[in-house]
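Shown next: target_38.cif, given as mmCIF, C-alpha atoms.
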data_structure
#
loop_
_atom_site.label_atom_id
_atom_site.label_comp_id
_atom_site.auth_asym_id
_atom_site.auth_seq_id
_atom_site.Cartn_x
_atom_site.Cartn_y
_atom_site.Cartn_z
CA MET Z 1 69.01 103.05 45.93
CA ARG Z 2 71.84 104.60 47.93
CA ARG Z 3 70.94 102.48 50.95
CA LEU Z 4 70.81 99.38 48.76
CA ILE Z 5 74.29 100.02 47.36
CA ARG Z 6 75.66 100.73 50.82
CA ASP Z 7 74.22 97.45 52.09
CA GLY Z 8 75.77 95.65 49.13
CA ALA Z 9 79.19 97.18 49.79
CA LEU Z 10 79.06 96.25 53.50
CA ALA Z 11 77.89 92.72 52.73
CA GLY Z 12 80.60 92.35 50.08
CA LEU Z 13 83.19 93.62 52.54
CA ALA Z 14 82.11 90.94 55.03
CA GLY Z 15 82.24 88.34 52.26
CA GLY Z 16 85.71 89.54 51.26
CA ALA Z 17 86.89 89.10 54.85
CA ALA Z 18 85.51 85.54 54.83
CA LEU Z 19 87.27 84.87 51.52
CA ALA Z 20 90.59 86.15 52.86
CA LEU Z 21 90.27 84.09 56.03
CA VAL Z 22 89.54 80.86 54.15
CA LEU Z 23 92.44 81.43 51.75
CA LEU Z 24 94.81 82.12 54.64
CA LEU Z 25 93.71 79.01 56.51
CA LEU Z 26 93.40 76.59 53.58
CA GLY Z 27 95.32 77.99 50.65
CA GLU Z 28 98.37 79.65 52.16
CA GLU Z 29 100.49 76.48 52.24
CA SER Z 30 99.88 75.61 48.59
CA ILE Z 31 100.47 79.22 47.48
CA GLY Z 32 103.75 79.36 49.40
CA LEU Z 33 104.94 76.08 47.90
CA ALA Z 34 103.99 77.20 44.39
CA ILE Z 35 105.90 80.47 44.80
CA ALA Z 36 108.91 78.53 46.09
CA LEU Z 37 108.79 76.27 43.03
CA GLU Z 38 108.58 79.29 40.73
CA GLN Z 39 111.36 81.33 42.30
CA GLY Z 40 113.69 78.64 43.53
CA ASP Z 41 116.41 80.16 45.67
CA GLY Z 42 116.03 83.64 44.17
CA ASP Z 43 115.28 86.72 46.25
CA GLU Z 44 111.68 87.86 46.54
CA MET Z 45 110.76 91.41 45.55
CA PHE Z 46 108.21 91.44 48.39
CA SER Z 47 108.25 89.34 51.52
CA ARG Z 48 105.59 86.68 51.91
CA ARG Z 49 104.11 88.66 54.80
CA ALA Z 50 103.70 91.71 52.55
CA GLN Z 51 102.11 89.51 49.88
CA GLN Z 52 99.65 88.16 52.45
CA VAL Z 53 98.66 91.65 53.59
CA GLY Z 54 98.23 92.69 49.97
CA GLY Z 55 96.09 89.65 49.30
CA VAL Z 56 93.81 90.43 52.25
CA LEU Z 57 93.40 94.04 51.12
CA ALA Z 58 92.68 92.90 47.57
CA ALA Z 59 90.03 90.46 48.84
CA LEU Z 60 88.33 93.22 50.84
CA ILE Z 61 88.33 95.68 47.92
CA TRP Z 62 87.18 93.02 45.45
CA GLY Z 63 84.47 91.91 47.86
CA ALA Z 64 83.12 95.42 48.36
CA ALA Z 65 83.07 96.06 44.61
CA LEU Z 66 81.32 92.76 43.88
CA GLY Z 67 78.88 93.50 46.71
CA VAL Z 68 77.87 96.73 44.96
CA VAL Z 69 77.26 94.81 41.73
CA PHE Z 70 75.29 92.25 43.74
CA ALA Z 71 73.10 95.01 45.21
CA VAL Z 72 72.42 96.55 41.79
CA VAL Z 73 71.42 93.18 40.34
CA PHE Z 74 69.25 92.55 43.40
CA GLY Z 75 67.49 95.88 42.90
CA LEU Z 76 66.81 95.11 39.25
CA LEU Z 77 65.54 91.57 39.85
CA ARG Z 78 63.85 91.78 43.26
CA ARG Z 79 60.30 92.14 41.92
CA ARG Z 80 60.82 89.15 39.66
CA LEU Z 81 62.18 86.90 42.38
CA ALA Z 82 59.30 84.73 43.54
CA LEU Z 83 60.49 84.75 47.16
CA PRO Z 84 58.56 86.11 50.13
CA SER Z 85 61.32 88.15 51.82
CA ASP Z 86 64.44 90.15 50.99
CA TRP Z 87 66.47 87.77 53.15
CA ARG Z 88 65.50 84.75 51.09
CA ALA Z 89 65.92 86.71 47.88
CA GLY Z 90 69.42 87.80 48.91
CA VAL Z 91 70.50 84.29 49.84
CA GLY Z 92 68.95 82.85 46.67
CA LEU Z 93 70.73 85.41 44.50
CA ALA Z 94 74.01 84.64 46.30
CA VAL Z 95 73.60 80.94 45.50
CA LEU Z 96 73.01 81.84 41.86
CA GLY Z 97 76.09 84.08 41.94
CA PHE Z 98 78.28 81.27 43.25
CA LEU Z 99 77.04 78.88 40.58
CA THR Z 100 77.40 81.39 37.76
CA VAL Z 101 80.59 83.25 38.66
CA ASN Z 102 82.60 80.49 40.31
CA LEU Z 103 81.42 76.90 40.14
CA VAL Z 104 80.60 76.51 36.45
CA PRO Z 105 83.79 78.24 35.18
CA PHE Z 106 85.75 76.21 37.76
CA LEU Z 107 84.50 72.96 36.23
CA LYS Z 108 86.14 73.85 32.89
CA TYR Z 109 89.05 76.10 33.81
CA PRO Z 110 90.03 75.62 37.47
CA PRO Z 111 92.59 78.16 38.73
CA ASN Z 112 96.26 77.39 39.12
CA PRO Z 113 98.58 78.54 41.93
CA PRO Z 114 100.80 81.59 41.29
CA GLY Z 115 103.66 80.79 38.95
CA VAL Z 116 102.07 77.60 37.55
CA GLY Z 117 101.55 77.73 33.81
CA ASP Z 118 103.22 79.26 30.77
CA PRO Z 119 103.20 83.10 30.94
CA ASP Z 120 102.90 83.23 27.13
CA THR Z 121 99.42 81.66 27.27
CA ILE Z 122 97.94 83.92 29.94
CA GLY Z 123 96.07 86.00 27.36
CA ARG Z 124 94.42 82.95 25.81
CA ARG Z 125 93.66 81.42 29.20
CA THR Z 126 92.01 84.66 30.35
CA ALA Z 127 89.94 84.91 27.17
CA LEU Z 128 88.75 81.29 27.51
CA TYR Z 129 87.82 81.85 31.14
CA LEU Z 130 85.81 84.98 30.28
CA LEU Z 131 84.02 83.08 27.50
CA MET Z 132 83.14 80.31 29.95
CA LEU Z 133 81.91 82.91 32.43
CA ALA Z 134 79.69 84.44 29.74
CA TRP Z 135 78.35 80.99 28.86
CA SER Z 136 77.63 80.35 32.53
CA ALA Z 137 75.63 83.59 32.67
CA LEU Z 138 73.77 82.48 29.53
CA ALA Z 139 72.88 79.18 31.21
CA ALA Z 140 71.51 81.04 34.24
CA ALA Z 141 69.49 83.34 31.96
CA ALA Z 142 68.11 80.36 30.03
CA ALA Z 143 67.03 78.65 33.24
CA TRP Z 144 65.48 81.88 34.51
CA SER Z 145 63.53 82.31 31.26
CA ALA Z 146 62.39 78.69 31.33
CA GLY Z 147 61.23 79.09 34.93
CA ARG Z 148 59.18 82.18 34.11
CA ARG Z 149 57.62 80.58 31.05
CA LEU Z 150 56.75 77.35 32.80
CA GLY Z 151 55.52 79.27 35.83
CA GLY Z 152 52.84 80.80 33.64
CA HIS Z 153 51.21 77.40 33.17
CA PRO Z 154 49.14 76.71 36.30
CA ALA Z 155 48.42 73.18 35.07
CA LEU Z 156 52.12 72.32 35.42
CA PRO Z 157 52.80 71.38 39.06
CA GLU Z 158 55.91 72.49 40.89
CA HIS Z 159 57.33 68.97 41.19
CA LEU Z 160 57.53 68.89 37.38
CA ARG Z 161 58.38 72.54 36.76
CA VAL Z 162 61.45 72.67 39.01
CA PRO Z 163 63.15 69.56 37.52
CA ALA Z 164 62.44 70.93 34.04
CA VAL Z 165 64.19 74.22 34.86
CA VAL Z 166 67.15 72.38 36.39
CA ALA Z 167 67.36 70.18 33.28
CA VAL Z 168 67.52 73.27 31.05
CA TYR Z 169 70.29 74.74 33.18
CA VAL Z 170 72.33 71.53 33.27
CA ALA Z 171 71.91 71.01 29.52
CA VAL Z 172 73.16 74.50 28.62
CA VAL Z 173 76.08 74.20 31.05
CA ALA Z 174 76.98 70.76 29.64
CA VAL Z 175 77.08 72.15 26.09
CA GLY Z 176 79.54 74.82 27.20
CA LEU Z 177 81.73 72.38 29.12
CA ALA Z 178 81.87 70.02 26.15
CA GLY Z 179 82.21 72.66 23.44
CA MET Z 180 84.83 74.99 24.91
CA PRO Z 181 88.46 74.09 24.15
CA ALA Z 182 90.71 72.70 26.83
CA SER Z 183 93.17 74.90 28.69
CA PRO Z 184 96.22 75.61 26.51
CA ASP Z 185 98.56 75.01 29.43
CA ALA Z 186 99.84 71.64 30.58
CA VAL Z 187 100.23 71.82 34.37
CA THR Z 188 103.57 70.34 35.39
CA ALA Z 189 103.42 71.18 39.10
CA PRO Z 190 102.58 68.37 41.55
CA ALA Z 191 98.91 67.45 41.23
CA GLY Z 192 98.36 67.44 45.00
CA LEU Z 193 99.68 71.00 45.31
CA VAL Z 194 97.58 72.25 42.41
CA TRP Z 195 94.35 70.68 43.61
CA ARG Z 196 94.81 71.87 47.19
CA PHE Z 197 95.02 75.39 45.82
CA ARG Z 198 92.04 74.89 43.51
CA LEU Z 199 89.78 73.48 46.20
CA SER Z 200 90.77 76.15 48.70
CA SER Z 201 89.96 78.79 46.07
CA LEU Z 202 86.54 77.24 45.53
CA ALA Z 203 85.96 77.08 49.29
CA GLY Z 204 86.91 80.75 49.56
CA ALA Z 205 84.41 81.65 46.83
CA ALA Z 206 81.69 79.66 48.60
CA ALA Z 207 82.49 81.46 51.86
CA PHE Z 208 82.29 84.83 50.12
CA TRP Z 209 78.88 84.22 48.58
CA ALA Z 210 77.47 82.63 51.74
CA VAL Z 211 78.52 85.51 54.01
CA CYS Z 212 77.65 88.17 51.42
CA GLY Z 213 74.15 86.75 50.83
CA VAL Z 214 73.29 86.30 54.50
CA ALA Z 215 74.73 89.68 55.54
CA PHE Z 216 72.93 91.45 52.70
CA GLY Z 217 69.66 89.81 53.68
CA TRP Z 218 70.10 90.91 57.30
CA LEU Z 219 70.88 94.47 56.21
CA ARG Z 220 67.75 94.55 54.05
CA LEU Z 221 65.71 93.40 57.03
CA ALA Z 222 67.22 96.23 59.08
CA ALA Z 223 66.42 98.69 56.29
CA ALA Z 224 62.78 97.59 56.49
CA GLY Z 225 62.77 98.19 60.24
CA GLN Z 226 62.91 94.51 61.13
CA SER Z 227 65.35 92.66 63.33
CA PRO Z 228 67.01 89.44 62.07
CA LEU Z 229 65.77 87.92 65.35
CA SER Z 230 62.22 89.23 65.01
CA SER Z 231 60.90 85.86 63.80
CA MET Z 232 62.14 84.17 66.98
CA ARG Z 233 59.00 84.58 69.03
CA ALA Z 234 58.77 83.48 72.62
CA PRO Z 235 56.69 80.33 73.11
CA SER Z 236 53.08 80.95 74.01
CA ARG Z 237 52.05 80.27 77.61
CA ALA Z 238 48.46 79.71 76.67
CA GLY Z 239 49.03 76.03 75.97
CA PRO Z 240 47.95 73.95 72.95
CA SER Z 241 44.49 75.51 72.91
CA GLY Z 242 45.98 78.93 72.11
CA GLY Z 243 44.23 80.50 75.14
CA ARG Z 244 40.72 79.80 73.93
#
Re-express the file's structure as structure tokens.
Amino acid sequence: MRRLIRDGALAGLAGGAALALVLLLLGEESIGLAIALEQGDGDEMFSRRAQQVGGVLAALIWGAALGVVFAVVFGLLRRRLALPSDWRAGVGLAVLGFLTVNLVPFLKYPPNPPGVGDPDTIGRRTALYLLMLAWSALAAAAAWSAGRRLGGHPALPEHLRVPAVVAVYVAVVAVGLAGMPASPDAVTAPAGLVWRFRLSSLAGAAAFWAVCGVAFGWLRLAAAGQSPLSSMRAPSRAGPSGGR
């Protein structure tokens, strides 16, 4: 278990670095403009460079912590994941993490740049986001349960079982998106600025989960004594007959 947690922390650290890089490349301009709109001509307590360094460190720490959680969940669910290798299981779990933790809550409550929104509503906004996150986890659990139940019926072919599981997931997510109240804050900042920040945040989350999942899968292969390149076999010289 110690090796598993270490692999999760390292993979999360790599994912955090990818997140920080994407936000610096894609989101830095919108964040800077939002801070300028918030502060006007006032003096900053910290320089923008110091804020950037702090943001990178925060992304690395957050990534490592989430990587540990990822590893623990992987350890609990690995035997139930109907996938032939730890690499595929790690990537598959990372895809599920992106959908559950980021994409579904984003569809209802997309993030705003720093300084955008009424500070008096931050408590309500946070509570609504956490409720949407919990509903997203419930949707994933419902789809998982449906997949296991339908998988126990050998007469139901895969081309019918998979769409049925997806339909369950989409239906539960749709209920949450329709039933949860709207954000209590009216965004008055320029729409282009806000959506550049939102999309860069989503891209950063996608980069985190992609790098974390792939890196974790590679580390699990190494833990099993395999090389990530071990499946790349040299072409046989025996010809089409296989040497017979």
Which residue is closest to Ala215 (chain Z)? Choose from Z:Arg196, Z:Arg88, Z:Arg124, Z:Arg80 and count only C-alpha atoms.
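The closest residue to Ala215 (chain Z) is Z:Arg88.
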List the spatial neighbours of region 131-133 of chain Z as a PyMOL selection string - criterion: any atom at most 7 Å away, all atoms listed in the file, same-chain residues fewer than 4 positions off excluded.
chain Z and resi 101+105+127+137
Those residues with C-alpha atoms, as a PDB file, in the frame of the given file please?
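As written to disk, result33.pdb reads:
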ATOM      1  CA  VAL Z 101      80.590  83.250  38.660  1.00  0.00           C
ATOM      2  CA  PRO Z 105      83.790  78.240  35.180  1.00  0.00           C
ATOM      3  CA  ALA Z 127      89.940  84.910  27.170  1.00  0.00           C
ATOM      4  CA  ALA Z 137      75.630  83.590  32.670  1.00  0.00           C
TER       5      ALA Z 137
END
Do you know which residues are at most 10 Å from Phe197 (chain Z) counting all atoms listed in the file, after dropping those on the same chain fewer than 6 positions away, and could you put them as number ranges by chain?
Z: 23, 26-31, 34, 110-114, 191, 203
Which polymer residues have any atom within 9 Å of an atom of Trp62 (chain Z), counting all atoms listed in the file, with same-chain residues fewer than 3 positions away left out, as number ranges by chain?
Z: 12-13, 16, 57-59, 65-67
Using all atoms listed in the file for the distances, tell me which of Z:Ala206, Z:Gly90, Z:Ala164, Z:Pro157 is nearest to Val72 (chain Z).
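Smallest distance to Val72 (chain Z) is found for Z:Gly90.
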Counting all atoms listed in the file, which residue out of Z:Leu21, Z:Trp195, Z:Asp86, Z:Val69 sits closest to Leu221 (chain Z)?
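Of all the options, Z:Asp86 lies closest to Leu221 (chain Z).
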Near-Ala142 (chain Z) list (12 Å; all atoms listed in the file; drop same-chain fewer than 6 positions) as a ChimeraX atom specification:
/Z:135-136,148-149,164-173
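With the shown file loaded, the PyMOL selection byres ((chain Z and resi 216) around 7) picks out Asp7, Gly8, Ala11, Gly90, Cys212, Gly213, Val214, Ala215, Gly217, Trp218, Leu219 and Arg220 of chain Z.
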Quick check, in Å to one decimal: how far apart do CA of Ala18 (chain Z) and CA of Ser201 (chain Z) lie?
11.9 Å
Between CA of Ala182 (chain Z) and CA of Thr100 (chain Z), what is the distance, to one decimal in Å?
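These atoms are spaced 19.3 Å apart.
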At what distance in Å, to one decimal, does CA of Thr126 (chain Z) lie from CA of Val56 (chain Z)?
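Going from CA of Val56 (chain Z) over to CA of Thr126 (chain Z) covers 22.7 Å.
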Explicit residues for the PyMOL selection byres ((chain Z and resi 180) around 10) (as a list of chain:residue names)
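Those residues are Z:Lys108, Z:Tyr109, Z:Leu128, Z:Tyr129, Z:Leu131, Z:Met132, Z:Trp135, Z:Val175, Z:Gly176, Z:Leu177, Z:Ala178, Z:Gly179, Z:Pro181, Z:Ala182, Z:Ser183.
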Best match for closeness to Arg125 (chain Z) among Z:Ala17, Z:Ala186, Z:Leu4, Z:Arg198, counting all atoms listed in the file
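Of the candidates, the smallest distance to Arg125 (chain Z) is held by Z:Ala186.
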Please write as a PyMOL selection string the full residue list that the PyMOL selection byres ((chain Z and resi 205) around 9) yields on this file.
chain Z and resi 15+18-19+22+98+102-103+200-204+206-210
